[in-house]
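With CSV, C-alpha atoms inside, this is upload-v4.csv:
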chain,number,residue,atom,x,y,z
A,251,MET,CA,66.1,-55.6,-125.1
A,252,ARG,CA,62.9,-53.9,-123.8
A,253,LYS,CA,64.7,-50.5,-123.6
A,254,PHE,CA,65.8,-50.7,-127.2
A,255,VAL,CA,62.2,-51.4,-128.3
A,256,GLN,CA,61.1,-48.4,-126.3
A,257,ILE,CA,63.7,-46.2,-128.0
A,258,ILE,CA,62.8,-47.4,-131.5
A,259,MET,CA,59.2,-46.5,-130.7
A,260,VAL,CA,60.3,-43.0,-129.8
A,261,LEU,CA,62.2,-42.7,-133.1
A,262,LEU,CA,59.1,-43.7,-135.0
A,263,VAL,CA,56.5,-41.4,-133.5
A,264,MET,CA,54.2,-39.4,-135.7
A,265,MET,CA,55.7,-36.6,-137.8
A,266,PRO,CA,54.8,-32.9,-137.7
A,267,PRO,CA,52.7,-31.5,-140.6
A,268,THR,CA,55.5,-31.4,-143.2
A,269,GLY,CA,57.0,-34.7,-142.2
A,270,GLY,CA,60.7,-35.4,-142.7
A,271,TRP,CA,63.5,-37.4,-141.1
A,272,LEU,CA,64.0,-35.1,-138.2
A,273,ALA,CA,60.5,-35.9,-136.9
A,274,GLN,CA,61.8,-39.2,-135.8
A,275,THR,CA,63.3,-37.8,-132.7
A,276,THR,CA,61.4,-34.5,-132.2
A,277,SER,CA,57.7,-35.4,-132.3
A,278,ALA,CA,56.2,-35.8,-128.9
A,279,MET,CA,53.1,-37.2,-127.2
A,280,PRO,CA,51.7,-35.6,-124.0
A,281,THR,CA,53.4,-37.0,-120.9
A,282,ALA,CA,52.6,-36.8,-117.2
A,283,VAL,CA,54.8,-37.0,-114.1
A,284,ALA,CA,53.4,-37.6,-110.6
A,285,ALA,CA,54.2,-34.8,-108.1
A,286,SER,CA,55.9,-37.4,-105.8
A,287,LEU,CA,58.7,-37.7,-108.4
A,288,VAL,CA,59.6,-34.1,-108.1
A,289,PRO,CA,62.8,-33.8,-105.9
A,290,ASP,CA,62.3,-31.6,-102.8
A,291,HIS,CA,65.7,-29.9,-103.0
A,292,ASP,CA,65.0,-27.1,-105.4
A,293,SER,CA,67.8,-24.5,-105.3
A,294,GLY,CA,67.6,-20.8,-105.0
A,295,PRO,CA,67.3,-19.5,-108.5
A,296,THR,CA,70.4,-18.3,-110.3
A,297,LEU,CA,68.2,-16.1,-112.6
A,298,THR,CA,65.6,-13.5,-111.5
A,299,PRO,CA,62.0,-13.9,-112.8
A,300,GLU,CA,62.8,-11.1,-115.3
A,301,GLU,CA,65.9,-13.0,-116.6
A,302,LEU,CA,63.9,-16.3,-116.8
A,303,LEU,CA,61.4,-14.6,-119.1
A,304,GLU,CA,64.3,-13.1,-121.1
A,305,TYR,CA,66.3,-16.3,-121.5
A,306,LYS,CA,63.5,-18.9,-121.3
A,307,PRO,CA,65.8,-21.7,-120.1
A,308,ASN,CA,64.6,-25.3,-120.7
A,309,GLU,CA,67.4,-27.8,-119.9
A,310,ILE,CA,65.5,-30.9,-121.0
A,311,GLY,CA,65.1,-29.7,-124.6
A,312,VAL,CA,66.9,-31.3,-127.6
A,313,VAL,CA,70.6,-30.8,-128.5
A,314,PRO,CA,71.8,-31.1,-132.1
A,315,VAL,CA,74.9,-33.3,-132.7
A,316,PHE,CA,76.2,-32.6,-136.1
A,317,MET,CA,78.1,-35.3,-138.1
A,318,TYR,CA,80.9,-34.4,-140.6
A,319,HIS,CA,83.3,-36.5,-142.6
A,320,ASN,CA,85.4,-35.0,-145.4
A,321,ILE,CA,86.3,-31.3,-145.7
A,322,ALA,CA,87.4,-31.1,-149.3
A,323,GLU,CA,87.5,-28.3,-151.9
A,324,ASP,CA,87.2,-30.6,-154.9
A,325,PRO,CA,85.1,-33.5,-153.9
A,326,PRO,CA,84.7,-36.4,-156.3
A,327,ASP,CA,81.6,-36.9,-158.4
A,328,LEU,CA,78.7,-36.5,-155.9
A,329,THR,CA,75.6,-38.6,-155.7
A,330,GLN,CA,72.6,-38.7,-153.4
A,331,GLU,CA,74.4,-41.5,-151.5
A,332,ASN,CA,77.7,-39.8,-150.8
A,333,GLU,CA,77.1,-36.0,-151.0
A,334,HIS,CA,76.5,-35.8,-147.2
A,335,LEU,CA,80.1,-37.1,-146.7
A,336,TYR,CA,81.7,-33.9,-148.2
A,337,ARG,CA,81.8,-30.3,-147.1
A,338,THR,CA,84.0,-27.5,-148.3
A,339,ALA,CA,85.9,-25.2,-146.0
A,340,ASP,CA,83.6,-22.4,-146.9
A,341,GLU,CA,80.5,-24.5,-146.3
A,342,LEU,CA,81.8,-25.6,-142.9
A,343,TYR,CA,82.5,-22.0,-141.9
A,344,ALA,CA,79.0,-21.1,-143.1
A,345,ASP,CA,77.6,-23.8,-140.9
A,346,LEU,CA,79.3,-22.3,-137.9
A,347,GLN,CA,77.9,-18.9,-138.8
A,348,TRP,CA,74.5,-20.5,-139.1
A,349,LEU,CA,74.8,-21.9,-135.6
A,350,TYR,CA,76.2,-18.7,-134.2
A,351,ASP,CA,73.3,-16.6,-135.7
A,352,ARG,CA,70.8,-18.9,-134.0
A,353,ASN,CA,72.4,-18.5,-130.6
A,354,PHE,CA,74.1,-21.9,-130.3
A,355,TYR,CA,77.2,-22.5,-128.3
A,356,LEU,CA,79.7,-25.3,-129.0
A,357,ILE,CA,80.2,-28.0,-126.3
A,358,GLY,CA,82.0,-31.4,-126.2
A,359,MET,CA,80.4,-34.8,-126.2
A,360,GLU,CA,81.9,-35.5,-122.8
A,361,ASP,CA,79.9,-32.6,-121.2
A,362,PHE,CA,76.8,-33.7,-123.1
A,363,VAL,CA,77.0,-37.3,-122.0
A,364,ASN,CA,78.0,-36.4,-118.4
A,365,GLY,CA,75.3,-33.7,-118.1
A,366,THR,CA,77.9,-31.1,-117.2
A,367,ILE,CA,76.9,-28.4,-119.7
A,368,ASP,CA,78.3,-25.0,-118.7
A,369,ILE,CA,77.4,-22.3,-121.2
A,370,PRO,CA,76.0,-18.8,-120.9
A,371,ALA,CA,72.3,-18.2,-120.1
A,372,GLY,CA,70.0,-18.2,-123.1
A,373,LYS,CA,72.5,-20.2,-125.3
A,374,HIS,CA,71.6,-23.5,-126.9
A,375,PRO,CA,74.4,-26.2,-126.9
A,376,ALA,CA,75.5,-27.8,-130.1
A,377,ILE,CA,78.1,-30.5,-130.8
A,378,LEU,CA,80.3,-31.0,-133.8
A,379,THR,CA,81.5,-34.5,-134.6
A,380,PHE,CA,84.0,-35.5,-137.3
A,381,ASP,CA,84.3,-39.2,-138.2
A,382,ASP,CA,87.4,-41.1,-139.4
A,383,SER,CA,90.3,-38.9,-138.3
A,384,SER,CA,91.6,-37.8,-141.7
A,385,SER,CA,94.1,-35.2,-142.7
A,386,MET,CA,91.1,-33.1,-143.7
A,387,HIS,CA,90.3,-32.8,-140.0
A,388,LEU,CA,93.8,-31.9,-138.7
A,389,SER,CA,96.9,-31.2,-140.7
A,390,PHE,CA,99.9,-29.2,-139.6
A,391,GLN,CA,101.4,-26.4,-141.8
A,392,VAL,CA,104.7,-27.3,-143.4
A,393,ASP,CA,107.4,-25.3,-145.2
A,394,ASP,CA,108.5,-25.8,-148.8
A,395,ASN,CA,110.5,-28.9,-147.8
A,396,GLY,CA,107.6,-30.5,-146.0
A,397,VAL,CA,108.9,-29.8,-142.6
A,398,PRO,CA,106.2,-28.9,-140.1
A,399,LEU,CA,106.1,-25.3,-139.0
A,400,LYS,CA,105.7,-24.0,-135.4
A,401,ASP,CA,104.5,-20.7,-134.1
A,402,GLU,CA,106.3,-18.3,-131.7
A,403,ASN,CA,105.2,-20.5,-128.8
A,404,GLY,CA,106.8,-23.6,-130.3
A,405,GLU,CA,103.4,-25.2,-131.2
A,406,TYR,CA,102.4,-26.8,-134.5
A,407,MET,CA,99.9,-24.8,-136.6
A,408,PRO,CA,96.8,-26.3,-138.2
A,409,THR,CA,96.3,-25.6,-141.9
A,410,PRO,CA,93.6,-23.0,-142.5
A,411,ASP,CA,91.4,-25.3,-144.6
A,412,CYS,CA,91.3,-28.4,-142.3
A,413,ALA,CA,88.3,-28.7,-139.9
A,414,VAL,CA,90.4,-27.6,-136.8
A,415,GLY,CA,91.8,-24.6,-138.7
A,416,ILE,CA,88.3,-23.5,-139.7
A,417,ILE,CA,87.0,-23.8,-136.1
A,418,GLU,CA,90.0,-22.0,-134.7
A,419,ALA,CA,89.5,-19.1,-137.2
A,420,PHE,CA,85.8,-18.9,-136.5
A,421,ALA,CA,86.4,-18.9,-132.7
A,422,LYS,CA,88.9,-16.1,-133.0
A,423,ASP,CA,86.3,-13.9,-134.6
A,424,HIS,CA,83.5,-15.2,-132.4
A,425,PRO,CA,84.9,-15.7,-128.9
A,426,ASP,CA,81.3,-16.0,-127.5
A,427,PHE,CA,80.6,-19.2,-129.5
A,428,GLY,CA,82.8,-21.8,-127.8
A,429,LYS,CA,85.6,-23.7,-129.4
A,430,THR,CA,85.6,-27.5,-129.5
A,431,ALA,CA,84.7,-30.6,-131.5
A,432,HIS,CA,84.6,-34.4,-131.1
A,433,PHE,CA,86.9,-36.3,-133.4
A,434,ALA,CA,86.0,-40.0,-133.8
A,435,VAL,CA,89.4,-41.6,-134.3
A,436,ILE,CA,90.4,-44.7,-136.4
A,437,PRO,CA,94.0,-45.6,-135.6
A,438,LEU,CA,94.5,-46.8,-139.1
A,439,PHE,CA,94.0,-43.3,-140.5
A,440,LYS,CA,96.1,-41.3,-138.0
A,441,PHE,CA,94.8,-37.9,-139.0
A,442,SER,CA,96.9,-38.6,-142.1
A,443,TRP,CA,94.6,-40.4,-144.6
A,444,PRO,CA,94.4,-40.1,-147.6
A,445,GLU,CA,97.9,-38.7,-148.2
A,446,TYR,CA,99.6,-40.4,-145.2
A,447,ALA,CA,102.1,-37.6,-145.3
A,448,GLN,CA,102.2,-36.9,-141.5
A,449,ASP,CA,101.9,-40.4,-140.1
A,450,ASP,CA,104.8,-39.7,-137.7
A,451,LEU,CA,102.9,-36.8,-136.2
A,452,ILE,CA,99.9,-38.7,-134.9
A,453,GLY,CA,101.0,-38.5,-131.3
A,454,ALA,CA,101.6,-34.7,-131.7
A,455,LYS,CA,98.2,-34.3,-133.3
A,456,LEU,CA,96.4,-36.1,-130.5
A,457,GLN,CA,98.2,-34.1,-127.9
A,458,TRP,CA,97.5,-30.8,-129.8
A,459,LEU,CA,93.8,-31.6,-129.8
A,460,LEU,CA,93.6,-32.3,-126.1
A,461,ASP,CA,95.8,-29.2,-125.3
A,462,HIS,CA,93.5,-26.9,-127.3
A,463,GLY,CA,90.1,-28.1,-125.9
A,464,TYR,CA,89.1,-30.7,-128.4
A,465,GLU,CA,88.1,-34.3,-127.9
A,466,ILE,CA,89.3,-37.7,-129.3
A,467,GLY,CA,86.7,-40.4,-129.4
A,468,ASN,CA,86.5,-44.1,-130.4
A,469,HIS,CA,85.5,-45.0,-134.0
A,470,THR,CA,86.9,-48.6,-133.7
A,471,SER,CA,90.2,-49.9,-135.0
A,472,ASP,CA,89.2,-50.6,-138.5
A,473,HIS,CA,85.7,-49.2,-139.2
A,474,ALA,CA,84.2,-52.7,-139.1
A,475,ASP,CA,80.4,-53.2,-139.1
A,476,LEU,CA,79.9,-54.0,-135.4
A,477,ALA,CA,76.4,-55.4,-136.1
A,478,GLU,CA,78.0,-58.1,-138.3
A,479,ALA,CA,81.2,-58.7,-136.3
A,480,THR,CA,81.8,-61.7,-134.2
A,481,VAL,CA,81.8,-61.1,-130.4
A,482,ASP,CA,85.6,-61.3,-130.3
A,483,ASP,CA,86.0,-58.9,-133.2
A,484,PHE,CA,83.4,-56.6,-131.7
A,485,ALA,CA,85.4,-56.4,-128.4
A,486,ARG,CA,88.8,-56.1,-130.1
A,487,SER,CA,87.7,-53.4,-132.5
A,488,ILE,CA,86.4,-51.2,-129.7
A,489,ALA,CA,89.3,-51.9,-127.3
A,490,GLU,CA,92.2,-51.4,-129.6
A,491,PRO,CA,91.8,-47.6,-130.1
A,492,VAL,CA,91.6,-47.1,-126.4
A,493,ILE,CA,94.8,-48.9,-125.8
A,494,TRP,CA,96.5,-47.3,-128.8
A,495,ALA,CA,95.6,-43.7,-127.9
A,496,ALA,CA,96.7,-44.2,-124.2
A,497,THR,CA,100.2,-45.0,-125.5
A,498,MET,CA,100.5,-41.5,-126.9
A,499,VAL,CA,98.5,-39.2,-124.6
A,500,ASP,CA,97.4,-39.3,-120.9
A,501,PRO,CA,94.1,-41.1,-120.8
A,502,ASN,CA,93.2,-39.0,-117.7
A,503,SER,CA,93.3,-35.8,-119.8
A,504,ASP,CA,90.3,-33.7,-120.5
A,505,GLY,CA,89.1,-34.6,-123.9
A,506,PHE,CA,90.2,-38.2,-123.8
A,507,ALA,CA,86.8,-39.5,-124.7
A,508,MET,CA,87.5,-43.0,-125.9
A,509,ASN,CA,84.6,-44.1,-123.8
A,510,ILE,CA,82.3,-42.5,-126.5
A,511,LEU,CA,81.9,-44.9,-129.4
A,512,THR,CA,80.9,-43.6,-132.9
A,513,LEU,CA,79.3,-46.6,-134.6
A,514,PRO,CA,80.8,-47.4,-138.0
A,515,PHE,CA,78.0,-47.0,-140.6
A,516,GLY,CA,75.7,-46.3,-137.6
A,517,ALA,CA,75.2,-50.0,-137.6
A,518,TYR,CA,72.8,-51.3,-135.1
A,519,PRO,CA,71.3,-54.8,-135.5
A,520,GLU,CA,67.6,-54.6,-136.4
A,521,GLY,CA,66.7,-56.5,-133.3
A,522,GLY,CA,69.3,-54.7,-131.1
A,523,TRP,CA,72.5,-56.1,-129.8
A,524,ASP,CA,72.7,-59.7,-128.8
A,525,ASP,CA,73.2,-60.4,-125.1
A,526,GLU,CA,77.0,-60.6,-125.0
A,527,LYS,CA,77.6,-57.5,-127.1
A,528,LEU,CA,75.0,-55.6,-125.2
A,529,ASP,CA,76.6,-56.6,-121.9
A,530,TYR,CA,80.0,-55.3,-123.2
A,531,LEU,CA,78.4,-52.0,-124.1
A,532,LYS,CA,76.4,-51.6,-120.9
A,533,ASN,CA,78.8,-53.0,-118.4
A,534,GLY,CA,82.3,-52.9,-119.9
A,535,TYR,CA,84.8,-55.7,-120.3
A,536,THR,CA,88.6,-56.4,-120.1
A,537,TRP,CA,90.7,-56.7,-123.2
A,538,GLU,CA,94.4,-57.7,-122.9
A,539,GLY,CA,94.5,-56.4,-119.3
A,540,THR,CA,92.8,-53.1,-120.1
A,541,GLU,CA,89.4,-52.2,-118.7
A,542,ILE,CA,87.1,-51.0,-121.5
A,543,LYS,CA,84.0,-49.0,-120.7
A,544,ILE,CA,81.7,-47.4,-123.3
A,545,ASP,CA,79.4,-44.7,-121.9
A,546,ALA,CA,77.7,-43.6,-125.1
A,547,ALA,CA,77.3,-44.6,-128.7
A,548,LEU,CA,76.6,-42.3,-131.7
A,549,LEU,CA,74.4,-43.0,-134.7
A,550,VAL,CA,74.5,-41.6,-138.2
A,551,CYS,CA,71.0,-40.3,-138.4
A,552,CYS,CA,67.7,-39.5,-136.8
A,553,GLY,CA,67.8,-35.8,-135.8
A,554,ALA,CA,68.5,-33.9,-132.6
A,555,SER,CA,69.2,-35.8,-129.3
A,556,PRO,CA,67.1,-35.5,-126.1
A,557,SER,CA,68.8,-33.8,-123.2
A,558,ARG,CA,70.7,-35.9,-120.7
A,559,TRP,CA,68.0,-34.9,-118.2
A,560,ASN,CA,65.1,-36.0,-120.4
A,561,GLY,CA,63.4,-39.3,-119.8
A,562,GLU,CA,63.9,-40.2,-123.5
A,563,TRP,CA,67.7,-40.0,-123.1
A,564,ALA,CA,69.4,-43.2,-124.3
A,565,PRO,CA,73.2,-43.0,-124.1
A,566,LEU,CA,73.8,-46.0,-126.4
A,567,TRP,CA,71.5,-44.5,-129.0
A,568,ILE,CA,72.5,-40.9,-129.6
A,569,PRO,CA,71.2,-39.5,-132.9
A,570,ARG,CA,73.0,-37.0,-135.1
A,571,ILE,CA,72.3,-34.6,-137.9
A,572,ARG,CA,74.2,-34.8,-141.1
A,573,GLY,CA,76.4,-31.8,-141.9
A,574,ASP,CA,74.9,-31.1,-145.3
A,575,ASP,CA,72.6,-28.5,-146.7
A,576,PRO,CA,69.3,-30.5,-146.8
A,577,ASP,CA,69.5,-31.8,-143.2
A,578,ILE,CA,70.8,-28.5,-141.6
A,579,ALA,CA,68.0,-26.6,-143.5
A,580,SER,CA,65.4,-29.2,-142.3
A,581,PHE,CA,66.6,-28.8,-138.7
A,582,GLY,CA,66.3,-25.0,-139.1
A,583,ASP,CA,62.7,-25.5,-140.3
A,584,TYR,CA,61.9,-27.5,-137.2
A,585,ILE,CA,63.2,-24.7,-135.0
A,586,ASP,CA,61.5,-21.9,-137.0
A,587,ASN,CA,58.1,-23.7,-137.0
A,588,GLY,CA,58.2,-24.4,-133.3
A,589,TRP,CA,58.1,-28.2,-133.8
A,590,ILE,CA,60.9,-28.8,-131.3
A,591,THR,CA,62.0,-27.4,-128.0
A,592,LEU,CA,65.8,-26.6,-127.9
A,593,TYR,CA,67.9,-27.1,-124.8
A,594,THR,CA,68.3,-23.5,-123.5
A,595,SER,CA,70.8,-22.9,-120.7
A,596,ASP,CA,70.1,-21.0,-117.5
A,597,GLY,CA,73.9,-20.3,-117.2
A,598,ASP,CA,74.4,-22.4,-114.0
A,599,PRO,CA,75.8,-26.0,-114.4
A,600,ASP,CA,74.6,-26.9,-111.0
A,601,THR,CA,70.9,-26.3,-111.7
A,602,ILE,CA,68.4,-27.7,-114.2
A,603,ALA,CA,65.9,-25.0,-115.1
A,604,ILE,CA,62.5,-26.0,-116.7
A,605,PRO,CA,59.3,-24.1,-117.5
A,606,TRP,CA,56.3,-25.5,-115.6
A,607,PRO,CA,54.3,-26.9,-117.3
A,608,LEU,CA,56.4,-28.0,-120.2
A,609,PRO,CA,55.6,-26.7,-123.7
A,610,SER,CA,53.3,-28.7,-125.9
A,611,GLU,CA,56.0,-29.6,-128.4
A,612,GLN,CA,58.3,-30.9,-125.7
A,613,VAL,CA,59.8,-34.3,-126.3
A,614,GLY,CA,59.6,-36.7,-123.3
A,615,GLU,CA,59.5,-35.8,-119.6
A,616,VAL,CA,61.8,-34.6,-116.9
A,617,ASP,CA,64.2,-37.3,-115.5
A,618,PHE,CA,63.7,-36.2,-111.9
A,619,ASP,CA,65.4,-39.3,-110.5
A,620,GLY,CA,68.5,-38.8,-112.7
A,621,ILE,CA,68.8,-35.1,-111.8
A,622,LYS,CA,68.5,-36.0,-108.1
A,623,GLU,CA,71.1,-38.8,-108.3
A,624,ALA,CA,73.5,-36.3,-110.0
A,625,GLY,CA,73.2,-33.9,-107.1
A,626,LEU,CA,71.8,-31.2,-109.3
A,627,LYS,CA,69.1,-28.7,-108.3
A,628,ILE,CA,65.8,-28.1,-110.1
A,629,VAL,CA,64.4,-24.7,-110.8
A,630,ARG,CA,60.8,-24.7,-112.0
A,631,TYR,CA,59.3,-21.4,-113.2
A,632,ASP,CA,56.1,-20.2,-114.8
A,633,PRO,CA,56.9,-19.5,-118.4
A,634,ASP,CA,54.3,-16.7,-118.6
A,635,SER,CA,55.3,-14.7,-115.5
A,636,GLY,CA,58.8,-15.9,-114.6
A,637,ARG,CA,57.5,-16.8,-111.2
A,638,ILE,CA,59.7,-19.4,-109.5
A,639,TYR,CA,57.8,-22.2,-107.7
A,640,PRO,CA,59.0,-22.6,-104.1
A,641,PRO,CA,59.2,-26.1,-102.6
A,642,ARG,CA,56.1,-25.5,-100.4
A,643,GLU,CA,53.9,-25.4,-103.5
A,644,LYS,CA,54.9,-28.8,-104.6
A,645,HIS,CA,51.9,-30.5,-102.9
A,646,ARG,CA,49.6,-28.4,-105.1
A,647,LEU,CA,51.2,-29.7,-108.3
A,648,ARG,CA,49.5,-33.1,-108.7
A,649,GLY,CA,51.4,-33.7,-111.9
A,650,TYR,CA,51.5,-32.1,-115.3
A,651,THR,CA,50.7,-32.7,-118.9
A,652,THR,CA,52.3,-31.2,-122.0
A,653,LYS,CA,48.9,-30.4,-123.4
structure tokens encoding of this file:
Amino acid sequence: MRKFVQIIMVLLVMMPPTGGWLAQTTSAMPTAVAASLVPDHDSGPTLTPEELLEYKPNEIGVVPVFMYHNIAEDPPDLTQENEHLYRTADELYADLQWLYDRNFYLIGMEDFVNGTIDIPAGKHPAILTFDDSSSMHLSFQVDDNGVPLKDENGEYMPTPDCAVGIIEAFAKDHPDFGKTAHFAVIPLFKFSWPEYAQDDLIGAKLQWLLDHGYEIGNHTSDHADLAEATVDDFARSIAEPVIWAATMVDPNSDGFAMNILTLPFGAYPEGGWDDEKLDYLKNGYTWEGTEIKIDAALLVCCGASPSRWNGEWAPLWIPRIRGDDPDIASFGDYIDNGWITLYTSDGDPDTIAIPWPLPSEQVGEVDFDGIKEAGLKIVRYDPDSGRIYPPREKHRLRGYTTK
């Protein structure tokens, strides 16, 4: 439970001058790392000093994970409590444009969790997540008789106003933006709720998503509050979607991300999980003969997430940003005011590039041990000159501070 206490302390650190919810995961205190922790296997740089100054890569910066629910043109009466659950098609398209204009690039949750981000140099990764697997996320076009239509390649076609249709349209116009999203699936809803008009197409929809570069993740079998569930219901609710999805698509497919759990209601017990539930989450378990392993859990709040290679990374506590106007605008303010350091790619998935020393607003510290264990190389460079530090100079770096 000690780790959860540490994480909670990180989320509650002091806010920047204007305050706000995003400060919970983006305020930082100075950190120090002993020189002995720096791996001695730095790679030859992918970027030149001039390119390092141009792109300014920092691959332990924060990554925004955006949370969406309903994409609806005529939402019900909105209140402060439910307005974040609704976005129109035009608003979602505008959100994508907002990200594109700020040099973001879409990646999947799998690559984020695994630390296998492969995007162009200078780009910032961003992740779209959609909870509940409704028809508003993926519907297929039909003719006047309700028969699903197919294109010239024999493939079903998403409706233009569902989430997938909007992302596909944006990607067609912006091929340098990436094209993916993570869909947190509830078997009960089948990408058919609330109309339930395409229940029989659930297998085709799952396969379509995997075939076109999207992910399907685990949102439990029935959206139960896992913090309140019995241990057996906890295990069952997590295991059933894994077993269900594997009957329709190949669980070894890229994008089969049922090992990533989106927590219903973002529910975490105030004191952390009890020993048995925590053991299931951390170490896995067997349910009806199927091995279940959860590698990451997503919250419903708390700002941008630390990088996989940041010492503050906590895979069972991944924060998200609500896909609504106030929270997206607040995140933009944090970027514009320099209160956070975004993850910025060096364009090479086999290296982790970091400015040395780290900027003063940097959250956390470099997870040198984790980078080394993953077999990745570290490129440290002077952020003022672009000069790359060679291994022979390590003994002169007695540590660093973000001051």
Write out as JSON lines the residues of segment 445-530 of chain A that have any atom within 12 Å of an atom of segment 302-318 of chain A, one row each with the nearest atom pair and its distance in Å to one decimal, counting all atoms listed in the file, sorted by chain and then rising number.
{"residue": "A:Thr512", "atom": "CA", "partner": "A:Met317", "partner_atom": "CA", "distance": 10.2}
{"residue": "A:Leu513", "atom": "CA", "partner": "A:Met317", "partner_atom": "CA", "distance": 11.9}
{"residue": "A:Phe515", "atom": "CA", "partner": "A:Met317", "partner_atom": "CA", "distance": 12.0}
{"residue": "A:Gly516", "atom": "CA", "partner": "A:Met317", "partner_atom": "CA", "distance": 11.3}
**Residue among A:Ala454, A:Met407, A:Leu297, A:Ile417 lying closest to Ala344 of chain A, counting all atoms listed in the file** =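 Once distances to Ala344 of chain A are computed over all atoms listed in the file, the minimum belongs to A:Ile417.
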**Request:** List the residues sitting within 8 Å of (68.9, -29.5, -112.9) in the file's frame, using all atoms listed in the file, as a ChimeraX atom specification.
**Result:** /A:309,559,599-603,621,626-629
Keeping C-alpha atoms, export the residues of the selection given above as a tab-separated table (two decimals), in the coordinates of the input.
chain	number	residue	atom	x	y	z
A	309	GLU	CA	67.40	-27.80	-119.90
A	559	TRP	CA	68.00	-34.90	-118.20
A	599	PRO	CA	75.80	-26.00	-114.40
A	600	ASP	CA	74.60	-26.90	-111.00
A	601	THR	CA	70.90	-26.30	-111.70
A	602	ILE	CA	68.40	-27.70	-114.20
A	603	ALA	CA	65.90	-25.00	-115.10
A	621	ILE	CA	68.80	-35.10	-111.80
A	626	LEU	CA	71.80	-31.20	-109.30
A	627	LYS	CA	69.10	-28.70	-108.30
A	628	ILE	CA	65.80	-28.10	-110.10
A	629	VAL	CA	64.40	-24.70	-110.80
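Rounded to one decimal, atom CA of Thr480 of chain A and atom CA of Ala495 of chain A lie 23.5 Å from each other.
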**Fill in**
One decimal place gives the atom CA of Pro576 of chain A-atom CA of Pro556 of chain A separation as 21.4 Å
